[in-house]
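Student: If you scroll down you'll find the structure; I have some questions about it.
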Amino acid sequence: MIPGAEAYDIDIGFDGREIERALSVGPEDVSPSSELTFARNVFVPLTTACRYTCTYCTYYDPPGQASLLSRKEVRKILETGVEAGCTEALFTFGDDPDDRYTEIHDQLAAWGHDSIHTYLRELCELALDVGILPHSNPGDQTREQMRAVADVNASMGVMLETTADVTAHGGPRAKSPGQRLATIRTAGELGVPFTTGILVGIGEGWRDRAESLLAIGELHERYGHIQEVIVQPVSNNERWREGSPDLEAMRRVVAMARVVLPAEVSVQVPPNLAPVRELLDCGVDDLGGVSPITDDHVNPDYAWPALRELEDIASGVGVPLEERLPVYNRYVEEGWVSERVRRRIESITRSPSSSRA
Ligand SMILES: O=c1nc2n(C[C@H](O)[C@H](O)[C@H](O)CO)c3cc(O)ccc3cc-2c(=O)[nH]1
Ligand SMILES: C[C@H]1O[C@@H](n2cnc3c(N)ncnc32)[C@H](O)[C@@H]1O
Ligand code: MET
Ligand code: SF4
């Protein structure tokens with residue numbers, strides 16, 4: 001049973017054969033992808049406050065020390081992004097930050113907001129006005145919270161991390177796999193094109209990896225909303241010293257993702273954290289959001305490769321490197337995005353990236 005599944009009414013289970021099949025997959029069982037995509041983004045680290053305390057995470061600040069970006073600061077990041085030809089504003093920040101941080105609560109109140117979600121909505125609208133598409137990853141969300149921002153996002157996301165009960169998520173404020181799955185399910189119910197993924201090397205075993213990927217596949221089967229699954233190796237920082245999965249493990253888990261997930265779901269590996277060149281033959285077809293101007297604020301010690309390097313990686317295996325938007329085309333074509341997001345997508349795709357750069 002997946003921890004927290006009952007509390008969140010998650011009815012996902014697998015028979016032993018599905019798990020065994022996933023466990024038997026190796027790199028030799030997949031063929032390399034014939035394309036490689038990425039999105040040009042700016043990272044907007046809205047707040048460092050977070051209700052959880054994942055032991056691998058260097059991002060959050062404790063109560064009393066957290067910060068919140070002002071509208072003016074966010075506008076500057078967004079405008080710099082548009083000038084650099086970016087199409088995605090990645091709003092990624094602590095989980096439910098207005099929960100127990102009085103400084104965040106008070107600041108939001110002073111700006112006329114009673115929750116991070118109404119503030120996020122205002123900033124997503126600002127992004128659309130400035131000319132860039134929001135992709136928000138605010139962590140776990142209730143249906144009401146997600147509904148408050150869904151129509152102003154091109155797509156949204158939350159990492160499942162793992163279905164296992166790992167000590168990295170321990171303590172009184174722990175991520176619950178059941179709650180993560182419920183967030184992913186809510187996105188499906190609301191028709192939000194969605195990004196999720198697994199964090200590899202946080203204490204989970206091979207069976208847990210198989211189960212996590214199967215759970216994501218199962219939710220996609222029900223709702224069709226998963227555009228991509230990130231296979232992210234945990235990386236060292238000042239809070240996490242336990243290292244990252246080795247190359248062999250990454251090759252096997254990427255291949256497992258490719259076999260377990262349906263072909264229309266992309267398998268993404270972040271090029272600043274993983275040895276992408278050594279993973280391309282295992283089924284990677286996307287490099288995620290890469291920024292020409294901002295840091296990866298979740299993993300600030302790991303710089304983004306330059307666009308030229310991505311091109312070099314792609315040409316090394318003879319596949320074209322293609323820039324994509326934060327929402328995959330099929331969702332735009334099938335009418336998943338709101339009218340205002342669609343209008344912005346049209347204006348972005350009309351102006352060639354050379355004139356946006
Ligand atoms: O720069 C990063 N981008 C992250 N992204 C961004 C992602 O690469 C792109 O935003 C998507 O591919 C959409 O284009 C995430 C997006 C999600 O929805 C969920 C988790 C992540 C995690 C990261 C991350 O750790 N670092
Ligand atoms: C936004 C996402 O960043 C990931 N994340 C958090 N800390 C780390 C780390 N040390 N290494 C790699 N990924 C990390 C989590 O999977 C989270 O969901
Ligand atoms: C630095 S993690 C950012 C997103 C959110 N806090 C989560 O873990 O899902
Ligand atoms: S990974 Fe996300 S949820 Fe976990 S402590 Fe960091 S910011 Fe919070």
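Every chain in the structure tokens takes a letter, A first, then B, and so on in the order presented; its residues are numbered from 1, and the ligands are numbered from 1 following the presented order.
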Do you have, as CSV, the list of residues of chain A lying at most 8 Å from ligand 4, each with its nearest atom pair and that distance in Å to one decimal, counting only C-alpha atoms and all ligand atoms and ordered by chain then number?
Tutor:
residue,atom,partner,partner_atom_place_in_ligand_line,distance
A:Thr48,CA,ligand 4,7 (S),7.0
A:Ala49,CA,ligand 4,7 (S),7.5
A:Cys50,CA,ligand 4,8 (Fe),4.7
A:Arg51,CA,ligand 4,8 (Fe),6.4
A:Tyr52,CA,ligand 4,5 (S),4.8
A:Thr53,CA,ligand 4,5 (S),4.2
A:Cys54,CA,ligand 4,5 (S),4.2
A:Thr55,CA,ligand 4,5 (S),7.1
A:Tyr56,CA,ligand 4,1 (S),7.3
A:Cys57,CA,ligand 4,6 (Fe),4.5
A:Thr58,CA,ligand 4,6 (Fe),6.7
A:Tyr59,CA,ligand 4,6 (Fe),5.3
A:Tyr60,CA,ligand 4,7 (S),5.2
A:Phe93,CA,ligand 4,7 (S),5.9
A:Gly94,CA,ligand 4,7 (S),4.0
A:Asp95,CA,ligand 4,3 (S),5.1
A:Gly139,CA,ligand 4,3 (S),6.4
A:His169,CA,ligand 4,4 (Fe),7.9
A:Lys175,CA,ligand 4,3 (S),7.1
A:Val298,CA,ligand 4,6 (Fe),7.7
Student: Print the selection's residues with N, CA and C atoms to a file, as a PDB file, in the first residue's frame.
Tutor:
ATOM      1  N   THR A  48      10.957  31.362  -0.357  1.00  0.00           N
ATOM      2  CA  THR A  48      11.769  30.276   0.204  1.00  0.00           C
ATOM      3  C   THR A  48      11.099  29.648   1.429  1.00  0.00           C
ATOM      4  N   ALA A  49       9.887  30.103   1.737  1.00  0.00           N
ATOM      5  CA  ALA A  49       9.143  29.488   2.847  1.00  0.00           C
ATOM      6  C   ALA A  49       8.536  28.176   2.370  1.00  0.00           C
ATOM      7  N   CYS A  50       8.516  27.171   3.259  1.00  0.00           N
ATOM      8  CA  CYS A  50       7.972  25.869   2.869  1.00  0.00           C
ATOM      9  C   CYS A  50       7.468  25.120   4.089  1.00  0.00           C
ATOM     10  N   ARG A  51       6.322  24.457   3.936  1.00  0.00           N
ATOM     11  CA  ARG A  51       5.779  23.707   5.084  1.00  0.00           C
ATOM     12  C   ARG A  51       6.559  22.413   5.351  1.00  0.00           C
ATOM     13  N   TYR A  52       7.307  21.935   4.331  1.00  0.00           N
ATOM     14  CA  TYR A  52       8.040  20.683   4.499  1.00  0.00           C
ATOM     15  C   TYR A  52       9.515  20.960   4.796  1.00  0.00           C
ATOM     16  N   THR A  53      10.239  19.903   5.145  1.00  0.00           N
ATOM     17  CA  THR A  53      11.674  20.020   5.418  1.00  0.00           C
ATOM     18  C   THR A  53      12.388  18.803   4.820  1.00  0.00           C
ATOM     19  N   CYS A  54      12.275  18.634   3.500  1.00  0.00           N
ATOM     20  CA  CYS A  54      12.935  17.503   2.840  1.00  0.00           C
ATOM     21  C   CYS A  54      14.447  17.606   3.097  1.00  0.00           C
ATOM     22  N   THR A  55      15.064  16.506   3.512  1.00  0.00           N
ATOM     23  CA  THR A  55      16.468  16.610   3.959  1.00  0.00           C
ATOM     24  C   THR A  55      17.435  16.816   2.788  1.00  0.00           C
ATOM     25  N   TYR A  56      16.981  16.607   1.544  1.00  0.00           N
ATOM     26  CA  TYR A  56      17.859  16.815   0.386  1.00  0.00           C
ATOM     27  C   TYR A  56      17.775  18.237  -0.143  1.00  0.00           C
ATOM     28  N   CYS A  57      16.916  19.064   0.469  1.00  0.00           N
ATOM     29  CA  CYS A  57      16.596  20.351  -0.164  1.00  0.00           C
ATOM     30  C   CYS A  57      17.342  21.514   0.462  1.00  0.00           C
ATOM     31  N   THR A  58      18.034  22.258  -0.373  1.00  0.00           N
ATOM     32  CA  THR A  58      18.773  23.434   0.084  1.00  0.00           C
ATOM     33  C   THR A  58      17.965  24.703  -0.171  1.00  0.00           C
ATOM     34  N   TYR A  59      16.783  24.535  -0.742  1.00  0.00           N
ATOM     35  CA  TYR A  59      16.009  25.702  -1.191  1.00  0.00           C
ATOM     36  C   TYR A  59      15.321  26.457  -0.060  1.00  0.00           C
ATOM     37  N   TYR A  60      14.741  25.744   0.883  1.00  0.00           N
ATOM     38  CA  TYR A  60      13.870  26.432   1.843  1.00  0.00           C
ATOM     39  C   TYR A  60      14.641  27.126   2.971  1.00  0.00           C
ATOM     40  N   PHE A  93       8.458  27.157  -5.942  1.00  0.00           N
ATOM     41  CA  PHE A  93       8.738  27.721  -4.616  1.00  0.00           C
ATOM     42  C   PHE A  93       8.298  26.748  -3.534  1.00  0.00           C
ATOM     43  N   GLY A  94       8.445  27.157  -2.267  1.00  0.00           N
ATOM     44  CA  GLY A  94       8.108  26.277  -1.155  1.00  0.00           C
ATOM     45  C   GLY A  94       6.644  25.876  -1.173  1.00  0.00           C
ATOM     46  N   ASP A  95       6.391  24.763  -0.511  1.00  0.00           N
ATOM     47  CA  ASP A  95       5.066  24.164  -0.485  1.00  0.00           C
ATOM     48  C   ASP A  95       4.191  24.847   0.576  1.00  0.00           C
ATOM     49  N   GLY A 139       4.067  22.837  -5.522  1.00  0.00           N
ATOM     50  CA  GLY A 139       4.025  21.680  -4.632  1.00  0.00           C
ATOM     51  C   GLY A 139       2.622  21.112  -4.531  1.00  0.00           C
ATOM     52  N   HIS A 169      11.998  12.236   3.726  1.00  0.00           N
ATOM     53  CA  HIS A 169      10.724  12.950   3.895  1.00  0.00           C
ATOM     54  C   HIS A 169      10.174  12.767   5.310  1.00  0.00           C
ATOM     55  N   LYS A 175       6.450  15.132   3.258  1.00  0.00           N
ATOM     56  CA  LYS A 175       5.664  14.916   2.048  1.00  0.00           C
ATOM     57  C   LYS A 175       5.010  13.554   2.153  1.00  0.00           C
ATOM     58  N   VAL A 298      16.687  25.620  -7.369  1.00  0.00           N
ATOM     59  CA  VAL A 298      16.585  24.438  -6.514  1.00  0.00           C
ATOM     60  C   VAL A 298      17.967  23.782  -6.376  1.00  0.00           C
TER      61      VAL A 298
END
Student: Could you give me the residues within stretch 170-274 of chain A that DSSP places in strand (DSSP E or B), as a count of residues only?
Tutor: 18
Student: Neighbouring residues of ligand 1 are defined here as those with any atom at most 8 Å from a ligand atom, counting only C-alpha atoms and all ligand atoms; list them as a PDB file with N, CA and C atoms, in the first residue's frame.
Tutor:
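Now in pocket.pdb:
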ATOM      1  N   PHE A  38      13.710  21.079 -25.623  1.00  0.00           N
ATOM      2  CA  PHE A  38      13.958  21.840 -24.391  1.00  0.00           C
ATOM      3  C   PHE A  38      13.098  23.090 -24.442  1.00  0.00           C
ATOM      4  N   ALA A  39      12.941  23.725 -23.291  1.00  0.00           N
ATOM      5  CA  ALA A  39      12.218  25.003 -23.240  1.00  0.00           C
ATOM      6  C   ALA A  39      13.152  26.054 -22.664  1.00  0.00           C
ATOM      7  N   ARG A  40      13.021  27.266 -23.182  1.00  0.00           N
ATOM      8  CA  ARG A  40      13.874  28.360 -22.691  1.00  0.00           C
ATOM      9  C   ARG A  40      13.113  29.078 -21.576  1.00  0.00           C
ATOM     10  N   ASN A  41      13.641  29.026 -20.364  1.00  0.00           N
ATOM     11  CA  ASN A  41      12.840  29.579 -19.264  1.00  0.00           C
ATOM     12  C   ASN A  41      13.584  30.576 -18.384  1.00  0.00           C
ATOM     13  N   PHE A  43      13.539  31.347 -14.153  1.00  0.00           N
ATOM     14  CA  PHE A  43      13.127  30.761 -12.894  1.00  0.00           C
ATOM     15  C   PHE A  43      12.682  31.895 -11.969  1.00  0.00           C
ATOM     16  N   GLU A  88       9.036  30.546 -21.142  1.00  0.00           N
ATOM     17  CA  GLU A  88       8.472  29.961 -19.921  1.00  0.00           C
ATOM     18  C   GLU A  88       8.908  30.708 -18.674  1.00  0.00           C
ATOM     19  N   ALA A  89       7.921  31.069 -17.840  1.00  0.00           N
ATOM     20  CA  ALA A  89       8.219  31.587 -16.499  1.00  0.00           C
ATOM     21  C   ALA A  89       7.937  30.457 -15.523  1.00  0.00           C
ATOM     22  N   LEU A  90       9.002  29.915 -14.951  1.00  0.00           N
ATOM     23  CA  LEU A  90       8.879  28.768 -14.039  1.00  0.00           C
ATOM     24  C   LEU A  90       8.709  29.272 -12.604  1.00  0.00           C
ATOM     25  N   THR A  92       8.470  28.255  -9.226  1.00  0.00           N
ATOM     26  CA  THR A  92       8.687  27.107  -8.336  1.00  0.00           C
ATOM     27  C   THR A  92       9.112  27.633  -6.982  1.00  0.00           C
ATOM     28  N   HIS A 135       4.515  28.445 -16.010  1.00  0.00           N
ATOM     29  CA  HIS A 135       4.448  27.033 -15.616  1.00  0.00           C
ATOM     30  C   HIS A 135       4.698  27.043 -14.111  1.00  0.00           C
ATOM     31  N   SER A 136       3.664  26.778 -13.325  1.00  0.00           N
ATOM     32  CA  SER A 136       3.812  26.853 -11.866  1.00  0.00           C
ATOM     33  C   SER A 136       3.942  25.477 -11.245  1.00  0.00           C
ATOM     34  N   ASN A 137       4.857  25.378 -10.284  1.00  0.00           N
ATOM     35  CA  ASN A 137       5.047  24.162  -9.499  1.00  0.00           C
ATOM     36  C   ASN A 137       5.037  24.561  -8.026  1.00  0.00           C
ATOM     37  N   SER A 155       0.887  25.258 -18.270  1.00  0.00           N
ATOM     38  CA  SER A 155       0.946  23.908 -17.717  1.00  0.00           C
ATOM     39  C   SER A 155       1.391  24.061 -16.275  1.00  0.00           C
ATOM     40  N   MET A 156       1.232  23.007 -15.500  1.00  0.00           N
ATOM     41  CA  MET A 156       1.689  23.050 -14.110  1.00  0.00           C
ATOM     42  C   MET A 156       2.434  21.755 -13.807  1.00  0.00           C
ATOM     43  N   GLY A 157       3.001  21.676 -12.597  1.00  0.00           N
ATOM     44  CA  GLY A 157       3.714  20.450 -12.264  1.00  0.00           C
ATOM     45  C   GLY A 157       3.928  20.254 -10.783  1.00  0.00           C
ATOM     46  N   VAL A 158       4.139  19.016 -10.429  1.00  0.00           N
ATOM     47  CA  VAL A 158       4.669  18.667  -9.110  1.00  0.00           C
ATOM     48  C   VAL A 158       5.386  17.337  -9.261  1.00  0.00           C
ATOM     49  N   MET A 159       6.552  17.228  -8.665  1.00  0.00           N
ATOM     50  CA  MET A 159       7.262  15.955  -8.684  1.00  0.00           C
ATOM     51  C   MET A 159       6.577  14.993  -7.721  1.00  0.00           C
ATOM     52  N   PHE A 194       0.285  18.548 -17.472  1.00  0.00           N
ATOM     53  CA  PHE A 194       1.041  18.410 -16.222  1.00  0.00           C
ATOM     54  C   PHE A 194       2.411  17.775 -16.407  1.00  0.00           C
ATOM     55  N   THR A 195       3.348  18.271 -15.583  1.00  0.00           N
ATOM     56  CA  THR A 195       4.703  17.722 -15.502  1.00  0.00           C
ATOM     57  C   THR A 195       4.871  17.085 -14.135  1.00  0.00           C
ATOM     58  N   THR A 196       5.379  15.855 -14.101  1.00  0.00           N
ATOM     59  CA  THR A 196       5.715  15.280 -12.815  1.00  0.00           C
ATOM     60  C   THR A 196       7.022  14.523 -12.970  1.00  0.00           C
ATOM     61  N   GLY A 197       7.377  13.762 -11.964  1.00  0.00           N
ATOM     62  CA  GLY A 197       8.641  13.050 -12.081  1.00  0.00           C
ATOM     63  C   GLY A 197       9.027  12.361 -10.804  1.00  0.00           C
ATOM     64  N   GLU A 228       5.047  15.083 -19.485  1.00  0.00           N
ATOM     65  CA  GLU A 228       6.444  14.656 -19.351  1.00  0.00           C
ATOM     66  C   GLU A 228       6.699  14.168 -17.938  1.00  0.00           C
ATOM     67  N   ILE A 230       9.894  13.761 -15.331  1.00  0.00           N
ATOM     68  CA  ILE A 230      11.296  14.092 -15.074  1.00  0.00           C
ATOM     69  C   ILE A 230      11.949  12.974 -14.267  1.00  0.00           C
ATOM     70  N   GLN A 232      14.937  12.726 -12.176  1.00  0.00           N
ATOM     71  CA  GLN A 232      15.887  13.691 -11.607  1.00  0.00           C
ATOM     72  C   GLN A 232      16.783  13.020 -10.555  1.00  0.00           C
ATOM     73  N   GLN A 268      12.080  13.238 -19.401  1.00  0.00           N
ATOM     74  CA  GLN A 268      12.974  14.399 -19.284  1.00  0.00           C
ATOM     75  C   GLN A 268      14.092  14.139 -18.279  1.00  0.00           C
ATOM     76  N   PRO A 270      17.298  16.450 -16.543  1.00  0.00           N
ATOM     77  CA  PRO A 270      17.885  17.799 -16.477  1.00  0.00           C
ATOM     78  C   PRO A 270      19.369  17.775 -16.813  1.00  0.00           C
ATOM     79  N   ASP A 286      13.700  14.733 -23.792  1.00  0.00           N
ATOM     80  CA  ASP A 286      13.504  16.134 -23.431  1.00  0.00           C
ATOM     81  C   ASP A 286      14.511  16.543 -22.364  1.00  0.00           C
ATOM     82  N   LEU A 287      14.945  17.797 -22.446  1.00  0.00           N
ATOM     83  CA  LEU A 287      15.927  18.314 -21.482  1.00  0.00           C
ATOM     84  C   LEU A 287      15.312  19.320 -20.523  1.00  0.00           C
ATOM     85  N   GLY A 288      14.010  19.525 -20.623  1.00  0.00           N
ATOM     86  CA  GLY A 288      13.320  20.382 -19.667  1.00  0.00           C
ATOM     87  C   GLY A 288      13.552  21.859 -19.894  1.00  0.00           C
ATOM     88  N   GLY A 289      13.268  22.606 -18.844  1.00  0.00           N
ATOM     89  CA  GLY A 289      13.484  24.045 -18.923  1.00  0.00           C
ATOM     90  C   GLY A 289      14.945  24.345 -18.661  1.00  0.00           C
ATOM     91  N   VAL A 290      15.530  25.123 -19.563  1.00  0.00           N
ATOM     92  CA  VAL A 290      16.935  25.517 -19.421  1.00  0.00           C
ATOM     93  C   VAL A 290      16.952  27.035 -19.519  1.00  0.00           C
ATOM     94  N   SER A 291      17.714  27.670 -18.650  1.00  0.00           N
ATOM     95  CA  SER A 291      17.658  29.125 -18.647  1.00  0.00           C
ATOM     96  C   SER A 291      18.938  29.779 -19.115  1.00  0.00           C
ATOM     97  N   ASP A 295      19.559  31.179 -12.554  1.00  0.00           N
ATOM     98  CA  ASP A 295      20.044  29.915 -11.989  1.00  0.00           C
ATOM     99  C   ASP A 295      18.911  28.914 -11.874  1.00  0.00           C
ATOM    100  N   ASP A 296      19.266  27.635 -11.714  1.00  0.00           N
ATOM    101  CA  ASP A 296      18.334  26.632 -11.215  1.00  0.00           C
ATOM    102  C   ASP A 296      18.323  26.841  -9.695  1.00  0.00           C
ATOM    103  N   HIS A 297      17.338  27.559  -9.202  1.00  0.00           N
ATOM    104  CA  HIS A 297      17.351  27.941  -7.783  1.00  0.00           C
ATOM    105  C   HIS A 297      17.185  26.754  -6.840  1.00  0.00           C
ATOM    106  N   VAL A 298      16.687  25.620  -7.369  1.00  0.00           N
ATOM    107  CA  VAL A 298      16.585  24.438  -6.514  1.00  0.00           C
ATOM    108  C   VAL A 298      17.967  23.782  -6.376  1.00  0.00           C
ATOM    109  N   ASN A 299      18.748  23.871  -7.431  1.00  0.00           N
ATOM    110  CA  ASN A 299      20.090  23.267  -7.446  1.00  0.00           C
ATOM    111  C   ASN A 299      21.109  24.313  -7.891  1.00  0.00           C
ATOM    112  N   ARG A 324      10.783  23.931 -27.473  1.00  0.00           N
ATOM    113  CA  ARG A 324       9.338  23.780 -27.301  1.00  0.00           C
ATOM    114  C   ARG A 324       8.842  24.807 -26.288  1.00  0.00           C
ATOM    115  N   LEU A 325       7.533  24.885 -26.164  1.00  0.00           N
ATOM    116  CA  LEU A 325       6.911  25.745 -25.148  1.00  0.00           C
ATOM    117  C   LEU A 325       6.737  24.931 -23.862  1.00  0.00           C
ATOM    118  N   PRO A 326       6.388  25.591 -22.741  1.00  0.00           N
ATOM    119  CA  PRO A 326       6.158  24.817 -21.510  1.00  0.00           C
ATOM    120  C   PRO A 326       4.934  23.911 -21.577  1.00  0.00           C
ATOM    121  N   VAL A 327       4.067  24.140 -22.540  1.00  0.00           N
ATOM    122  CA  VAL A 327       2.955  23.205 -22.752  1.00  0.00           C
ATOM    123  C   VAL A 327       3.186  22.501 -24.089  1.00  0.00           C
TER     124      VAL A 327
END
Student: Could you name the residues that touch A:Gln107 at 12 Å or less, counting only C-alpha atoms, but leaving out those on the same chain fewer than 3 positions away, as a list of chain:residue names?
Tutor: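 Surrounding residues, per the criterion: A:Thr47, A:Ala66, A:Ser67, A:Leu68, A:Leu69, A:Ser70, A:Arg71, A:Pro97, A:Asp98, A:Tyr101, A:Thr102, A:Glu103, A:Ile104, A:Ala110, A:Trp111, A:Gly112, A:His113, A:Asp114, A:Ser115, A:Ile116, A:Tyr119.
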Student: In Å, with one decimal, what is the gap from atom CA of A:Leu108 to atom CA of A:Asp129?
Tutor: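 Atom-to-atom, atom CA of A:Leu108 to atom CA of A:Asp129, that is 21.7 Å.
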Student: List every residue of stretch 111-280 of chain A that DSSP, applied to the backbone, labels as helix (DSSP H, G or I), and write the result as number ranges by chain.
Tutor: A: 116-130, 143-152, 167-169, 177-190, 206-223, 247-260, 276-278, 280
Student: For A:Ile348, work out the shell of residues within 10 Å, counting only C-alpha atoms and skipping chain neighbours fewer than 2 positions away, then give it as a tab-separated table (two decimals) with C-alpha atoms, in the first residue's frame.
Tutor:
chain	number	residue	atom	x	y	z
A	85	GLY	CA	13.80	35.01	-25.88
A	86	CYS	CA	12.42	32.86	-23.05
A	87	THR	CA	8.92	31.43	-23.40
A	131	GLY	CA	4.65	38.03	-22.95
A	132	ILE	CA	5.82	34.81	-21.30
A	133	LEU	CA	3.95	31.59	-20.40
A	325	LEU	CA	6.91	25.75	-25.15
A	342	ARG	CA	-3.89	30.32	-26.15
A	343	ARG	CA	-3.80	33.94	-27.33
A	344	ARG	CA	-0.39	34.42	-25.72
A	345	ILE	CA	0.88	31.18	-27.27
A	346	GLU	CA	-0.23	32.42	-30.68
A	350	ARG	CA	4.14	34.13	-34.49
A	351	SER	CA	7.29	35.99	-33.52
A	352	PRO	CA	10.36	33.95	-34.55
A	353	SER	CA	12.75	33.15	-31.70
A	356	ARG	CA	12.69	37.36	-29.49
Student: If we count only C-alpha atoms and set the cut-off at 10 Å, which residues sit around A:Asp11, ignoring sequence neighbours fewer than 5 positions away in its own chain? Please answer as a list of chain:residue names.
Tutor: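 Here the answer would be A:Met1, A:Ile2, A:Ala5, A:Glu6, A:Gly178, A:Ala215.
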Student: Quote the spacing between atom CA of A:His117 and atom CA of A:Asp96 in Å to one decimal place.
Tutor: 9.1 Å
Student: For A:His225, work out the shell of residues within 7 Å, counting only C-alpha atoms and skipping chain neighbours fewer than 5 positions away, then give it as a PyMOL selection string.
Tutor: chain A and resi 188+191-194+220
Student: In terms of the shortest atom-to-atom distance over only C-alpha atoms and all ligand atoms, which of A:Arg340, A:Arg147, A:Arg239, A:Arg180 is closest to ligand 3?
Tutor: A:Arg180
Student: What is the atom CA of A:Trp336-atom CA of A:Asp151 distance in Å, reported with one decimal?
Tutor: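 Those two atoms sit 9.6 Å apart.
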Student: Tell me which of A:Gly13, A:Pro3, A:Pro172, A:Pro300 sits closest to ligand 3, counting only C-alpha atoms and all ligand atoms.
Tutor: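 Between A:Gly13, A:Pro3, A:Pro172, A:Pro300, the residue approaching ligand 3 most closely is A:Pro300.
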Student: Between A:Gly203, A:Pro292, A:Pro262, A:Gly81, which has the minimum distance to A:Val229 (counting only C-alpha atoms)?
Tutor: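 With only C-alpha atoms as the atom set, the closest residue is A:Pro262.
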Student: If you count only C-alpha atoms, which residues fall within 8 Å of A:Glu161, apart from same-chain ones fewer than 2 positions away, as a ChimeraX atom specification?
Tutor: /A:159,163,177,197-200
Student: For a quick check of understanding, using only C-alpha atoms and all ligand atoms, which of A:Pro32, A:Gly170, A:Gly335, A:Pro45 has the smallest distance to ligand 3?
Tutor: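 Ranking A:Pro32, A:Gly170, A:Gly335, A:Pro45 by distance to ligand 3, first place goes to A:Pro45.
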